[in-house]
>>> print(open('entry.pdb').read())   # PDB, C-alpha atoms, pLDDT in the B column
MODEL        1
ATOM      1  CA  MET H   1    -118.372 -17.911  83.032  1.00 53.00           C
ATOM      2  CA  SER H   2    -121.165 -20.150  81.824  1.00 51.00           C
ATOM      3  CA  VAL H   3    -124.576 -19.797  83.386  1.00 53.00           C
ATOM      4  CA  SER H   4    -126.035 -22.816  85.174  1.00 51.00           C
ATOM      5  CA  LEU H   5    -128.552 -24.346  82.803  1.00 51.00           C
ATOM      6  CA  SER H   6    -130.414 -26.280  85.474  1.00 47.00           C
ATOM      7  CA  SER H   7    -131.256 -23.149  87.471  1.00 47.00           C
ATOM      8  CA  SER H   8    -132.055 -21.104  84.398  1.00 47.00           C
ATOM      9  CA  PHE H   9    -134.455 -23.667  82.950  1.00 47.00           C
ATOM     10  CA  LYS H  10    -136.549 -23.821  86.115  1.00 45.00           C
ATOM     11  CA  ALA H  11    -138.277 -20.656  84.904  1.00 44.00           C
ATOM     12  CA  ILE H  12    -138.656 -21.856  81.298  1.00 47.00           C
ATOM     13  CA  ALA H  13    -141.487 -24.151  80.270  1.00 44.00           C
ATOM     14  CA  LEU H  14    -140.791 -25.343  76.747  1.00 46.00           C
ATOM     15  CA  ASN H  15    -144.353 -25.859  75.622  1.00 49.00           C
ATOM     16  CA  ASP H  16    -145.529 -24.633  72.223  1.00 50.00           C
ATOM     17  CA  ALA H  17    -147.022 -21.410  73.548  1.00 48.00           C
ATOM     18  CA  THR H  18    -143.812 -20.529  75.373  1.00 47.00           C
ATOM     19  CA  LYS H  19    -141.700 -21.278  72.326  1.00 46.00           C
ATOM     20  CA  LYS H  20    -143.749 -18.854  70.220  1.00 47.00           C
ATOM     21  CA  LEU H  21    -143.533 -16.187  72.912  1.00 46.00           C
ATOM     22  CA  LEU H  22    -139.782 -16.575  73.320  1.00 45.00           C
ATOM     23  CA  PHE H  23    -139.209 -16.539  69.592  1.00 46.00           C
ATOM     24  CA  ALA H  24    -141.074 -13.255  69.265  1.00 46.00           C
ATOM     25  CA  SER H  25    -139.265 -11.720  72.238  1.00 45.00           C
ATOM     26  CA  VAL H  26    -135.745 -12.286  70.901  1.00 43.00           C
ATOM     27  CA  GLN H  27    -136.404 -12.052  67.182  1.00 44.00           C
ATOM     28  CA  SER H  28    -135.140  -8.488  67.122  1.00 40.00           C
ATOM     29  CA  LEU H  29    -131.995  -9.489  69.007  1.00 42.00           C
ATOM     30  CA  ASN H  30    -131.049 -11.941  66.283  1.00 44.00           C
ATOM     31  CA  LEU H  31    -131.851  -9.685  63.340  1.00 39.00           C
ATOM     32  CA  ASN H  32    -128.340  -8.336  62.868  1.00 42.00           C
ATOM     33  CA  VAL H  33    -126.857 -11.830  63.116  1.00 41.00           C
ATOM     34  CA  GLN H  34    -129.266 -13.454  60.649  1.00 40.00           C
ATOM     35  CA  LEU H  35    -129.029 -10.718  58.026  1.00 42.00           C
ATOM     36  CA  ARG H  36    -125.718  -9.746  56.442  1.00 51.00           C
ATOM     37  CA  PHE H  37    -125.928  -6.626  54.364  1.00 72.00           C
ATOM     38  CA  LYS H  38    -123.528  -4.034  53.064  1.00 81.00           C
ATOM     39  CA  SER H  39    -122.863  -1.041  55.254  1.00 86.00           C
ATOM     40  CA  VAL H  40    -123.401   2.505  54.019  1.00 88.00           C
ATOM     41  CA  GLU H  41    -119.647   2.895  53.655  1.00 90.00           C
ATOM     42  CA  GLU H  42    -119.339  -0.280  51.567  1.00 88.00           C
ATOM     43  CA  LYS H  43    -122.192   0.806  49.290  1.00 86.00           C
ATOM     44  CA  LEU H  44    -120.268   4.000  48.581  1.00 88.00           C
ATOM     45  CA  GLY H  45    -117.109   2.047  47.747  1.00 89.00           C
ATOM     46  CA  LEU H  46    -115.345   3.192  50.922  1.00 90.00           C
ATOM     47  CA  PRO H  47    -113.427   0.974  53.369  1.00 90.00           C
ATOM     48  CA  ALA H  48    -115.744  -0.758  55.830  1.00 89.00           C
ATOM     49  CA  LYS H  49    -116.077   0.977  59.178  1.00 90.00           C
ATOM     50  CA  PRO H  50    -114.446  -0.958  62.046  1.00 91.00           C
ATOM     51  CA  LYS H  51    -116.943  -3.189  63.821  1.00 91.00           C
ATOM     52  CA  LYS H  52    -118.113  -2.196  67.257  1.00 92.00           C
ATOM     53  CA  PRO H  53    -117.365  -4.595  70.131  1.00 94.00           C
ATOM     54  CA  THR H  54    -119.751  -7.507  70.583  1.00 94.00           C
ATOM     55  CA  PRO H  55    -122.690  -6.392  72.807  1.00 95.00           C
ATOM     56  CA  PRO H  56    -123.143  -8.059  76.232  1.00 95.00           C
ATOM     57  CA  TYR H  57    -126.078 -10.264  75.183  1.00 95.00           C
ATOM     58  CA  PHE H  58    -124.215 -11.765  72.246  1.00 95.00           C
ATOM     59  CA  ARG H  59    -121.151 -12.430  74.409  1.00 95.00           C
ATOM     60  CA  PHE H  60    -123.450 -14.289  76.769  1.00 94.00           C
ATOM     61  CA  ALA H  61    -125.129 -16.183  73.912  1.00 94.00           C
ATOM     62  CA  ASN H  62    -121.814 -17.198  72.341  1.00 94.00           C
ATOM     63  CA  GLU H  63    -120.605 -18.545  75.659  1.00 94.00           C
ATOM     64  CA  ASN H  64    -123.740 -20.574  76.438  1.00 93.00           C
ATOM     65  CA  ARG H  65    -125.036 -21.697  73.039  1.00 93.00           C
ATOM     66  CA  ALA H  66    -122.937 -24.885  72.850  1.00 93.00           C
ATOM     67  CA  SER H  67    -124.140 -26.157  76.240  1.00 92.00           C
ATOM     68  CA  ILE H  68    -127.784 -25.732  75.205  1.00 92.00           C
ATOM     69  CA  VAL H  69    -127.179 -27.553  71.933  1.00 92.00           C
ATOM     70  CA  ARG H  70    -125.591 -30.454  73.836  1.00 92.00           C
ATOM     71  CA  LYS H  71    -128.446 -30.593  76.326  1.00 91.00           C
ATOM     72  CA  TYR H  72    -131.235 -30.200  73.727  1.00 90.00           C
ATOM     73  CA  PRO H  73    -129.831 -31.436  70.387  1.00 90.00           C
ATOM     74  CA  ASP H  74    -133.262 -31.651  68.735  1.00 91.00           C
ATOM     75  CA  LEU H  75    -134.175 -27.993  69.171  1.00 90.00           C
ATOM     76  CA  LYS H  76    -134.321 -25.751  66.123  1.00 91.00           C
ATOM     77  CA  PRO H  77    -131.975 -22.715  65.933  1.00 91.00           C
ATOM     78  CA  TYR H  78    -134.768 -20.218  66.644  1.00 90.00           C
ATOM     79  CA  GLU H  79    -135.775 -22.238  69.726  1.00 92.00           C
ATOM     80  CA  ILE H  80    -132.197 -22.179  70.994  1.00 92.00           C
ATOM     81  CA  ASN H  81    -132.071 -18.420  70.429  1.00 92.00           C
ATOM     82  CA  SER H  82    -135.341 -18.071  72.305  1.00 92.00           C
ATOM     83  CA  ILE H  83    -133.972 -19.971  75.293  1.00 92.00           C
ATOM     84  CA  LEU H  84    -130.855 -17.829  75.324  1.00 93.00           C
ATOM     85  CA  GLY H  85    -132.992 -14.702  75.269  1.00 92.00           C
ATOM     86  CA  LYS H  86    -135.034 -15.873  78.225  1.00 93.00           C
ATOM     87  CA  MET H  87    -131.935 -16.946  80.159  1.00 93.00           C
ATOM     88  CA  TRP H  88    -130.528 -13.460  79.634  1.00 94.00           C
ATOM     89  CA  GLN H  89    -133.699 -11.945  81.061  1.00 93.00           C
ATOM     90  CA  TYR H  90    -133.399 -14.069  84.218  1.00 92.00           C
ATOM     91  CA  LEU H  91    -129.665 -13.436  84.639  1.00 91.00           C
ATOM     92  CA  GLU H  92    -128.695 -11.722  87.881  1.00 92.00           C
ATOM     93  CA  ALA H  93    -127.165  -8.249  87.651  1.00 91.00           C
ATOM     94  CA  ALA H  94    -123.860  -9.507  89.050  1.00 91.00           C
ATOM     95  CA  ASP H  95    -123.674 -12.223  86.399  1.00 92.00           C
ATOM     96  CA  ARG H  96    -124.552  -9.753  83.653  1.00 93.00           C
ATOM     97  CA  GLU H  97    -121.651  -7.602  84.755  1.00 95.00           C
ATOM     98  CA  HIS H  98    -119.336 -10.411  83.595  1.00 94.00           C
ATOM     99  CA  PHE H  99    -120.416  -9.598  80.028  1.00 95.00           C
ATOM    100  CA  THR H 100    -121.186  -5.883  80.395  1.00 95.00           C
ATOM    101  CA  LYS H 101    -117.907  -4.736  81.947  1.00 95.00           C
ATOM    102  CA  PRO H 102    -115.570  -5.977  79.169  1.00 95.00           C
ATOM    103  CA  TYR H 103    -117.994  -4.622  76.564  1.00 95.00           C
ATOM    104  CA  LYS H 104    -117.765  -1.125  78.074  1.00 95.00           C
ATOM    105  CA  THR H 105    -113.966  -1.389  78.192  1.00 95.00           C
ATOM    106  CA  ASP H 106    -113.792  -2.499  74.556  1.00 95.00           C
ATOM    107  CA  LEU H 107    -116.218   0.268  73.558  1.00 94.00           C
ATOM    108  CA  ILE H 108    -113.975   2.949  75.060  1.00 94.00           C
ATOM    109  CA  GLU H 109    -111.011   1.475  73.215  1.00 94.00           C
ATOM    110  CA  TYR H 110    -113.027   1.313  69.980  1.00 93.00           C
ATOM    111  CA  TYR H 111    -114.018   4.997  70.010  1.00 92.00           C
ATOM    112  CA  SER H 112    -110.632   6.229  71.179  1.00 92.00           C
ATOM    113  CA  ASN H 113    -108.658   4.154  68.681  1.00 93.00           C
ATOM    114  CA  ASP H 114    -110.239   2.282  65.740  1.00 93.00           C
ATOM    115  CA  TYR H 115    -113.177   4.607  65.138  1.00 92.00           C
ATOM    116  CA  THR H 116    -111.085   7.766  65.486  1.00 93.00           C
ATOM    117  CA  LYS H 117    -108.480   6.475  63.026  1.00 94.00           C
ATOM    118  CA  TYR H 118    -111.169   5.469  60.548  1.00 92.00           C
ATOM    119  CA  MET H 119    -112.963   8.820  60.661  1.00 93.00           C
ATOM    120  CA  SER H 120    -109.696  10.712  60.209  1.00 94.00           C
ATOM    121  CA  SER H 121    -109.004   8.658  57.061  1.00 94.00           C
ATOM    122  CA  LEU H 122    -112.211   9.933  55.421  1.00 93.00           C
ATOM    123  CA  SER H 123    -112.371  13.151  53.452  1.00 93.00           C
ATOM    124  CA  ASP H 124    -115.059  15.764  54.052  1.00 93.00           C
ATOM    125  CA  VAL H 125    -116.687  14.665  50.781  1.00 93.00           C
ATOM    126  CA  ASP H 126    -116.780  11.037  51.972  1.00 92.00           C
ATOM    127  CA  LYS H 127    -118.386  12.070  55.263  1.00 92.00           C
ATOM    128  CA  ARG H 128    -120.992  14.156  53.428  1.00 92.00           C
ATOM    129  CA  LYS H 129    -121.843  11.233  51.148  1.00 91.00           C
ATOM    130  CA  ILE H 130    -122.222   8.904  54.132  1.00 91.00           C
ATOM    131  CA  LYS H 131    -124.513  11.386  55.876  1.00 91.00           C
ATOM    132  CA  GLU H 132    -126.642  11.885  52.754  1.00 91.00           C
ATOM    133  CA  MET H 133    -127.041   8.151  52.173  1.00 89.00           C
ATOM    134  CA  LYS H 134    -128.053   7.574  55.790  1.00 89.00           C
ATOM    135  CA  VAL H 135    -130.740  10.247  55.420  1.00 89.00           C
ATOM    136  CA  GLU H 136    -131.941   8.597  52.219  1.00 87.00           C
ATOM    137  CA  ILE H 137    -132.060   5.132  53.839  1.00 88.00           C
ATOM    138  CA  LYS H 138    -134.017   6.531  56.776  1.00 88.00           C
ATOM    139  CA  TYR H 139    -136.475   8.172  54.385  1.00 87.00           C
ATOM    140  CA  ARG H 140    -136.944   4.925  52.444  1.00 85.00           C
ATOM    141  CA  LYS H 141    -137.597   2.980  55.649  1.00 87.00           C
ATOM    142  CA  GLU H 142    -140.162   5.517  56.815  1.00 84.00           C
ATOM    143  CA  LEU H 143    -141.811   5.476  53.386  1.00 80.00           C
ATOM    144  CA  ALA H 144    -141.942   1.665  53.372  1.00 82.00           C
ATOM    145  CA  ALA H 145    -143.441   1.656  56.874  1.00 82.00           C
ATOM    146  CA  GLN H 146    -146.062   4.196  55.805  1.00 78.00           C
ATOM    147  CA  GLN H 147    -146.948   2.153  52.725  1.00 74.00           C
ATOM    148  CA  LYS H 148    -147.271  -0.952  54.883  1.00 80.00           C
ATOM    149  CA  ARG H 149    -149.669   0.875  57.228  1.00 78.00           C
ATOM    150  CA  LEU H 150    -151.725   2.074  54.268  1.00 74.00           C
ATOM    151  CA  ARG H 151    -151.943  -1.457  52.868  1.00 72.00           C
ATOM    152  CA  LYS H 152    -153.289  -2.635  56.211  1.00 76.00           C
ATOM    153  CA  LEU H 153    -155.940   0.090  55.939  1.00 83.00           C
ATOM    154  CA  ASP H 154    -156.948  -1.226  52.496  1.00 85.00           C
ATOM    155  CA  LYS H 155    -155.955   1.906  50.616  1.00 86.00           C
ATOM    156  CA  PRO H 156    -156.914   1.495  46.932  1.00 89.00           C
ATOM    157  CA  LYS H 157    -153.933   0.644  44.763  1.00 87.00           C
ATOM    158  CA  LYS H 158    -153.053   3.302  42.238  1.00 88.00           C
ATOM    159  CA  PRO H 159    -153.022   2.105  38.595  1.00 91.00           C
ATOM    160  CA  LEU H 160    -149.571   1.504  37.148  1.00 90.00           C
ATOM    161  CA  SER H 161    -147.995   4.327  35.184  1.00 90.00           C
ATOM    162  CA  SER H 162    -147.543   3.960  31.434  1.00 92.00           C
ATOM    163  CA  PHE H 163    -143.834   3.203  31.871  1.00 92.00           C
ATOM    164  CA  PHE H 164    -144.367   0.402  34.388  1.00 91.00           C
ATOM    165  CA  ARG H 165    -147.048  -1.165  32.202  1.00 91.00           C
ATOM    166  CA  TYR H 166    -144.427  -1.209  29.449  1.00 92.00           C
ATOM    167  CA  TYR H 167    -141.766  -2.464  31.877  1.00 92.00           C
ATOM    168  CA  LYS H 168    -143.883  -5.440  32.944  1.00 90.00           C
ATOM    169  CA  GLU H 169    -144.176  -6.573  29.329  1.00 91.00           C
ATOM    170  CA  GLN H 170    -140.402  -6.785  28.868  1.00 91.00           C
ATOM    171  CA  SER H 171    -138.773 -10.202  29.189  1.00 89.00           C
ATOM    172  CA  ASP H 172    -135.234  -9.922  27.878  1.00 90.00           C
ATOM    173  CA  ARG H 173    -133.366  -9.557  31.171  1.00 88.00           C
ATOM    174  CA  LYS H 174    -130.178 -11.610  31.192  1.00 85.00           C
ATOM    175  CA  ALA H 175    -129.649 -14.124  33.998  1.00 80.00           C
ATOM    176  CA  SER H 176    -126.667 -12.316  35.535  1.00 79.00           C
ATOM    177  CA  GLU H 177    -127.710  -8.770  34.646  1.00 83.00           C
ATOM    178  CA  PRO H 178    -128.042  -6.394  37.639  1.00 83.00           C
ATOM    179  CA  HIS H 179    -131.495  -4.886  38.018  1.00 83.00           C
ATOM    180  CA  HIS H 180    -130.122  -1.353  37.725  1.00 84.00           C
ATOM    181  CA  ASP H 181    -128.536  -2.105  34.337  1.00 86.00           C
ATOM    182  CA  TYR H 182    -131.679  -3.809  33.080  1.00 89.00           C
ATOM    183  CA  LEU H 183    -133.832  -0.887  34.196  1.00 91.00           C
ATOM    184  CA  GLN H 184    -131.581   1.512  32.327  1.00 90.00           C
ATOM    185  CA  ARG H 185    -131.922  -0.545  29.132  1.00 91.00           C
ATOM    186  CA  VAL H 186    -135.696  -0.653  29.402  1.00 91.00           C
ATOM    187  CA  THR H 187    -135.838   3.083  30.166  1.00 93.00           C
ATOM    188  CA  SER H 188    -133.744   3.855  27.078  1.00 92.00           C
ATOM    189  CA  ARG H 189    -136.106   1.818  24.895  1.00 93.00           C
ATOM    190  CA  TRP H 190    -139.116   3.541  26.458  1.00 93.00           C
ATOM    191  CA  ASN H 191    -137.688   6.989  25.807  1.00 94.00           C
ATOM    192  CA  ALA H 192    -137.137   6.030  22.175  1.00 94.00           C
ATOM    193  CA  LEU H 193    -140.821   5.172  21.642  1.00 92.00           C
ATOM    194  CA  SER H 194    -143.075   7.629  19.867  1.00 93.00           C
ATOM    195  CA  ASP H 195    -146.051   9.219  21.626  1.00 91.00           C
ATOM    196  CA  ALA H 196    -148.363   6.995  19.595  1.00 91.00           C
ATOM    197  CA  GLU H 197    -146.494   3.856  20.736  1.00 92.00           C
ATOM    198  CA  LYS H 198    -146.609   4.992  24.367  1.00 91.00           C
ATOM    199  CA  GLU H 199    -150.338   5.693  24.138  1.00 91.00           C
ATOM    200  CA  LYS H 200    -151.301   2.007  24.211  1.00 89.00           C
ATOM    201  CA  PHE H 201    -149.725   1.678  27.676  1.00 90.00           C
ATOM    202  CA  LYS H 202    -151.715   4.574  29.121  1.00 90.00           C
ATOM    203  CA  THR H 203    -154.145   3.828  31.937  1.00 87.00           C
ATOM    204  CA  ALA H 204    -157.666   3.342  30.630  1.00 87.00           C
ATOM    205  CA  ALA H 205    -160.066   6.179  31.462  1.00 87.00           C
ATOM    206  CA  GLU H 206    -162.469   3.728  33.153  1.00 88.00           C
ATOM    207  CA  GLU H 207    -159.706   2.354  35.393  1.00 90.00           C
ATOM    208  CA  GLU H 208    -158.565   5.859  36.357  1.00 90.00           C
ATOM    209  CA  ALA H 209    -162.140   6.903  37.170  1.00 91.00           C
ATOM    210  CA  ALA H 210    -162.701   3.757  39.248  1.00 93.00           C
ATOM    211  CA  TYR H 211    -159.514   4.495  41.215  1.00 92.00           C
ATOM    212  CA  LYS H 212    -160.607   8.072  41.931  1.00 93.00           C
ATOM    213  CA  ARG H 213    -164.024   6.892  43.166  1.00 93.00           C
ATOM    214  CA  ALA H 214    -162.384   4.276  45.380  1.00 92.00           C
ATOM    215  CA  MET H 215    -160.009   6.893  46.820  1.00 92.00           C
ATOM    216  CA  ILE H 216    -162.875   9.240  47.685  1.00 93.00           C
ATOM    217  CA  GLN H 217    -164.647   6.430  49.539  1.00 91.00           C
ATOM    218  CA  TRP H 218    -161.428   5.420  51.303  1.00 89.00           C
ATOM    219  CA  GLU H 219    -160.637   8.982  52.394  1.00 89.00           C
ATOM    220  CA  GLN H 220    -164.162   9.339  53.797  1.00 90.00           C
ATOM    221  CA  LYS H 221    -163.673   6.096  55.686  1.00 87.00           C
ATOM    222  CA  MET H 222    -160.307   7.298  57.077  1.00 85.00           C
ATOM    223  CA  PHE H 223    -161.840  10.635  58.091  1.00 86.00           C
ATOM    224  CA  LYS H 224    -164.581   8.834  60.035  1.00 84.00           C
ATOM    225  CA  LEU H 225    -161.980   6.526  61.622  1.00 79.00           C
ATOM    226  CA  GLU H 226    -159.924   9.527  62.751  1.00 78.00           C
ATOM    227  CA  GLN H 227    -163.007  11.161  64.259  1.00 79.00           C
ATOM    228  CA  ASP H 228    -163.870   7.939  66.103  1.00 73.00           C
ATOM    229  CA  ILE H 229    -160.321   7.692  67.488  1.00 68.00           C
ATOM    230  CA  ARG H 230    -160.389  11.298  68.716  1.00 71.00           C
ATOM    231  CA  SER H 231    -163.805  10.789  70.262  1.00 73.00           C
ATOM    232  CA  THR H 232    -162.613   7.672  72.089  1.00 66.00           C
ATOM    233  CA  ALA H 233    -159.422   9.403  73.276  1.00 62.00           C
ATOM    234  CA  LYS H 234    -161.450  12.178  74.893  1.00 64.00           C
ATOM    235  CA  LYS H 235    -163.337   9.596  76.971  1.00 62.00           C
ATOM    236  CA  LEU H 236    -160.153   7.981  78.333  1.00 56.00           C
ATOM    237  CA  PRO H 237    -159.083   8.843  81.906  1.00 55.00           C
ATOM    238  CA  LYS H 238    -156.419  11.526  82.170  1.00 51.00           C
ATOM    239  CA  THR H 239    -153.996   9.223  83.964  1.00 45.00           C
ATOM    240  CA  HIS H 240    -153.328   5.497  83.957  1.00 43.00           C
ATOM    241  CA  ARG H 241    -151.187   5.497  87.098  1.00 41.00           C
ATOM    242  CA  PRO H 242    -151.535   2.111  88.854  1.00 41.00           C
ATOM    243  CA  ILE H 243    -153.296   2.330  92.215  1.00 41.00           C
ATOM    244  CA  ALA H 244    -151.103   1.213  95.099  1.00 41.00           C
ATOM    245  CA  PRO H 245    -152.524  -1.580  97.328  1.00 42.00           C
ATOM    246  CA  ASP H 246    -152.873   0.748 100.311  1.00 45.00           C
ATOM    247  CA  GLU H 247    -154.703   3.494  98.379  1.00 42.00           C
TER
ENDMDL
END
>>> encode(input="entry.pdb", output="structure tokens")
Amino acid sequence: MSVSLSSSFKAIALNDATKKLLFASVQSLNLNVQLRFKSVEEKLGLPAKPKKPTPPYFRFANENRASIVRKYPDLKPYEINSILGKMWQYLEAADREHFTKPYKTDLIEYYSNDYTKYMSSLSDVDKRKIKEMKVEIKYRKELAAQQKRLRKLDKPKKPLSSFFRYYKEQSDRKASEPHHDYLQRVTSRWNALSDAEKEKFKTAAEEEAAYKRAMIQWEQKMFKLEQDIRSTAKKLPKTHRPIAPDE
């Protein structure tokens, strides 16, 4: 069941501002399609987990993408995705059911058949490894997000360690050599250096002192910012409930 384009586009003005808004609104929807990465199971050398059924939105997009391309052949892929996202927002509940109902049916079948068979094929050790890696990935994401927030707050950058100063000077990585293997080679060479050889890569005392001074100033700034935020929060009204027209 294809959605009528003429009725759907009545609510869509394809000016530049709208295009930017639509692109931002559906960017997250397209993330899993645009990026192909190994699953946790594949990283551990295990068979890939069976794919879940295609979600309702993507069923809708797959069914209507070709008609949009025919109607607007000059649009860029992200603009087409944006239009699809907006069309999905305007879709009536009854029309959405056309895509939602089979998804729910397939999902029941997936968990009662494919997923159950896959999980029973894994050993307890495999399951533990999968769980541990998922925890590690979550930690790395949270750490990366925290570092990104700190960069936005202009946190002073810590001087490189002696090893990474040494690492940056190396230039013998082979074209097809995996980063992990190269890092191991460099680490082995570093460990073989004498203390005197490592000394020249040590952070200069002046640089370390400058970093510490900058951190003290930054922490004072963050403390003041936190106090300002708390002070402002206390002044906010206790509730933000919208007032009804007849109140």
>>> closest_residue(input="entry.pdb", among="H:Ser161, H:Gln217, H:Thr116, H:Ser171", to="Glu199 of chain H", atoms="all atoms listed in the file")
H:Ser161
>>> resolve_selection(input="entry.pdb", expression="the PyMOL selection byres ((chain H and resi 51) around 10)", output="list in words")
Ala48, Lys49, Pro50, Lys52, Pro53, Thr54, Tyr110, Asp114 and Tyr115 of chain H
>>> resolve_selection(input="entry.pdb", expression="the PyMOL selection byres ((chain H and resi 147-155) around 10)", output="list in words")
Lys141, Glu142, Leu143, Ala144, Ala145, Gln146, Pro156, Lys157, Lys158, Ala214, Met215, Gln217, Trp218, Glu219, Lys221 and Met222 of chain H
>>> atom_distance(input="entry.pdb", atom1="atom CA of Phe37 of chain H", atom2="atom CA of Ile137 of chain H")
13.3 Å
>>> atom_distance(input="entry.pdb", atom1="atom CA of Lys202 of chain H", atom2="atom CA of Glu169 of chain H")
13.5 Å
>>> closest_residue(input="entry.pdb", among="H:Asp74, H:Glu41, H:Glu206, H:Asp181", to="Pro159 of chain H", atoms="only C-alpha atoms")
H:Glu206
>>> atom_distance(input="entry.pdb", atom1="atom CA of Pro55 of chain H", atom2="atom CA of Gln89 of chain H")
14.8 Å
>>> resolve_selection(input="entry.pdb", expression="the PyMOL selection byres ((chain H and resi 160) around 12)", output="PDB file with C-alpha atoms, in the coordinates of the input")
ATOM      1  CA  LYS H 157    -153.933   0.644  44.763  1.00 87.00           C
ATOM      2  CA  LYS H 158    -153.053   3.302  42.238  1.00 88.00           C
ATOM      3  CA  PRO H 159    -153.022   2.105  38.595  1.00 91.00           C
ATOM      4  CA  SER H 161    -147.995   4.327  35.184  1.00 90.00           C
ATOM      5  CA  SER H 162    -147.543   3.960  31.434  1.00 92.00           C
ATOM      6  CA  PHE H 163    -143.834   3.203  31.871  1.00 92.00           C
ATOM      7  CA  PHE H 164    -144.367   0.402  34.388  1.00 91.00           C
ATOM      8  CA  ARG H 165    -147.048  -1.165  32.202  1.00 91.00           C
ATOM      9  CA  TYR H 166    -144.427  -1.209  29.449  1.00 92.00           C
ATOM     10  CA  TYR H 167    -141.766  -2.464  31.877  1.00 92.00           C
ATOM     11  CA  LYS H 168    -143.883  -5.440  32.944  1.00 90.00           C
ATOM     12  CA  PHE H 201    -149.725   1.678  27.676  1.00 90.00           C
ATOM     13  CA  LYS H 202    -151.715   4.574  29.121  1.00 90.00           C
ATOM     14  CA  THR H 203    -154.145   3.828  31.937  1.00 87.00           C
ATOM     15  CA  ALA H 204    -157.666   3.342  30.630  1.00 87.00           C
ATOM     16  CA  GLU H 207    -159.706   2.354  35.393  1.00 90.00           C
ATOM     17  CA  GLU H 208    -158.565   5.859  36.357  1.00 90.00           C
ATOM     18  CA  TYR H 211    -159.514   4.495  41.215  1.00 92.00           C
TER      19      TYR H 211
END
>>> closest_residue(input="entry.pdb", among="H:Phe223, H:Pro102, H:Ala61, H:Asp172", to="Lys86 of chain H", atoms="only C-alpha atoms")
H:Ala61
>>> residues_around(input="entry.pdb", residues="Asn62 of chain H", least_positions_apart="4", cutoff="10 Å", atoms="only C-alpha atoms", output="VMD selection string")
chain H and resid 2 57 to 58 66 84
>>> write_last_selection(input="entry.pdb", atoms="C-alpha atoms", output="PDB file, keeping the file's coordinate frame")
ATOM      1  CA  SER H   2    -121.165 -20.150  81.824  1.00 51.00           C
ATOM      2  CA  TYR H  57    -126.078 -10.264  75.183  1.00 95.00           C
ATOM      3  CA  PHE H  58    -124.215 -11.765  72.246  1.00 95.00           C
ATOM      4  CA  ALA H  66    -122.937 -24.885  72.850  1.00 93.00           C
ATOM      5  CA  LEU H  84    -130.855 -17.829  75.324  1.00 93.00           C
TER       6      LEU H  84
END
>>> build_atoms(input="entry.pdb", residues="segment 107-117 of chain H", atoms="N, CA, C and O atoms", output="PDB file, in the coordinates of the input")
ATOM      1  N   LEU H 107    -115.554  -0.841  74.242  1.00 94.00           N
ATOM      2  CA  LEU H 107    -116.218   0.268  73.558  1.00 94.00           C
ATOM      3  C   LEU H 107    -115.401   1.554  73.689  1.00 94.00           C
ATOM      4  O   LEU H 107    -115.279   2.328  72.725  1.00 94.00           O
ATOM      5  N   ILE H 108    -114.836   1.776  74.852  1.00 94.00           N
ATOM      6  CA  ILE H 108    -113.975   2.949  75.060  1.00 94.00           C
ATOM      7  C   ILE H 108    -112.761   2.877  74.145  1.00 94.00           C
ATOM      8  O   ILE H 108    -112.383   3.851  73.496  1.00 94.00           O
ATOM      9  N   GLU H 109    -112.182   1.686  74.065  1.00 94.00           N
ATOM     10  CA  GLU H 109    -111.011   1.475  73.215  1.00 94.00           C
ATOM     11  C   GLU H 109    -111.376   1.679  71.734  1.00 94.00           C
ATOM     12  O   GLU H 109    -110.617   2.252  70.964  1.00 94.00           O
ATOM     13  N   TYR H 110    -112.563   1.207  71.371  1.00 93.00           N
ATOM     14  CA  TYR H 110    -113.027   1.313  69.980  1.00 93.00           C
ATOM     15  C   TYR H 110    -113.137   2.778  69.555  1.00 93.00           C
ATOM     16  O   TYR H 110    -112.633   3.172  68.501  1.00 93.00           O
ATOM     17  N   TYR H 111    -113.803   3.599  70.377  1.00 92.00           N
ATOM     18  CA  TYR H 111    -114.018   4.997  70.010  1.00 92.00           C
ATOM     19  C   TYR H 111    -112.750   5.849  70.139  1.00 92.00           C
ATOM     20  O   TYR H 111    -112.611   6.856  69.440  1.00 92.00           O
ATOM     21  N   SER H 112    -111.850   5.444  71.012  1.00 92.00           N
ATOM     22  CA  SER H 112    -110.632   6.229  71.179  1.00 92.00           C
ATOM     23  C   SER H 112    -109.530   5.805  70.216  1.00 92.00           C
ATOM     24  O   SER H 112    -108.538   6.527  70.048  1.00 92.00           O
ATOM     25  N   ASN H 113    -109.712   4.655  69.557  1.00 93.00           N
ATOM     26  CA  ASN H 113    -108.658   4.154  68.681  1.00 93.00           C
ATOM     27  C   ASN H 113    -109.163   3.859  67.265  1.00 93.00           C
ATOM     28  O   ASN H 113    -109.002   4.664  66.351  1.00 93.00           O
ATOM     29  N   ASP H 114    -109.834   2.724  67.079  1.00 93.00           N
ATOM     30  CA  ASP H 114    -110.239   2.282  65.740  1.00 93.00           C
ATOM     31  C   ASP H 114    -111.161   3.280  65.044  1.00 93.00           C
ATOM     32  O   ASP H 114    -110.938   3.645  63.880  1.00 93.00           O
ATOM     33  N   TYR H 115    -112.201   3.706  65.742  1.00 92.00           N
ATOM     34  CA  TYR H 115    -113.177   4.607  65.138  1.00 92.00           C
ATOM     35  C   TYR H 115    -112.545   5.958  64.802  1.00 92.00           C
ATOM     36  O   TYR H 115    -112.791   6.520  63.728  1.00 92.00           O
ATOM     37  N   THR H 116    -111.732   6.472  65.708  1.00 93.00           N
ATOM     38  CA  THR H 116    -111.085   7.766  65.486  1.00 93.00           C
ATOM     39  C   THR H 116    -110.160   7.720  64.277  1.00 93.00           C
ATOM     40  O   THR H 116    -110.153   8.633  63.443  1.00 93.00           O
ATOM     41  N   LYS H 117    -109.386   6.625  64.175  1.00 94.00           N
ATOM     42  CA  LYS H 117    -108.480   6.475  63.026  1.00 94.00           C
ATOM     43  C   LYS H 117    -109.265   6.384  61.721  1.00 94.00           C
ATOM     44  O   LYS H 117    -108.878   6.961  60.702  1.00 94.00           O
TER      45      LYS H 117
END
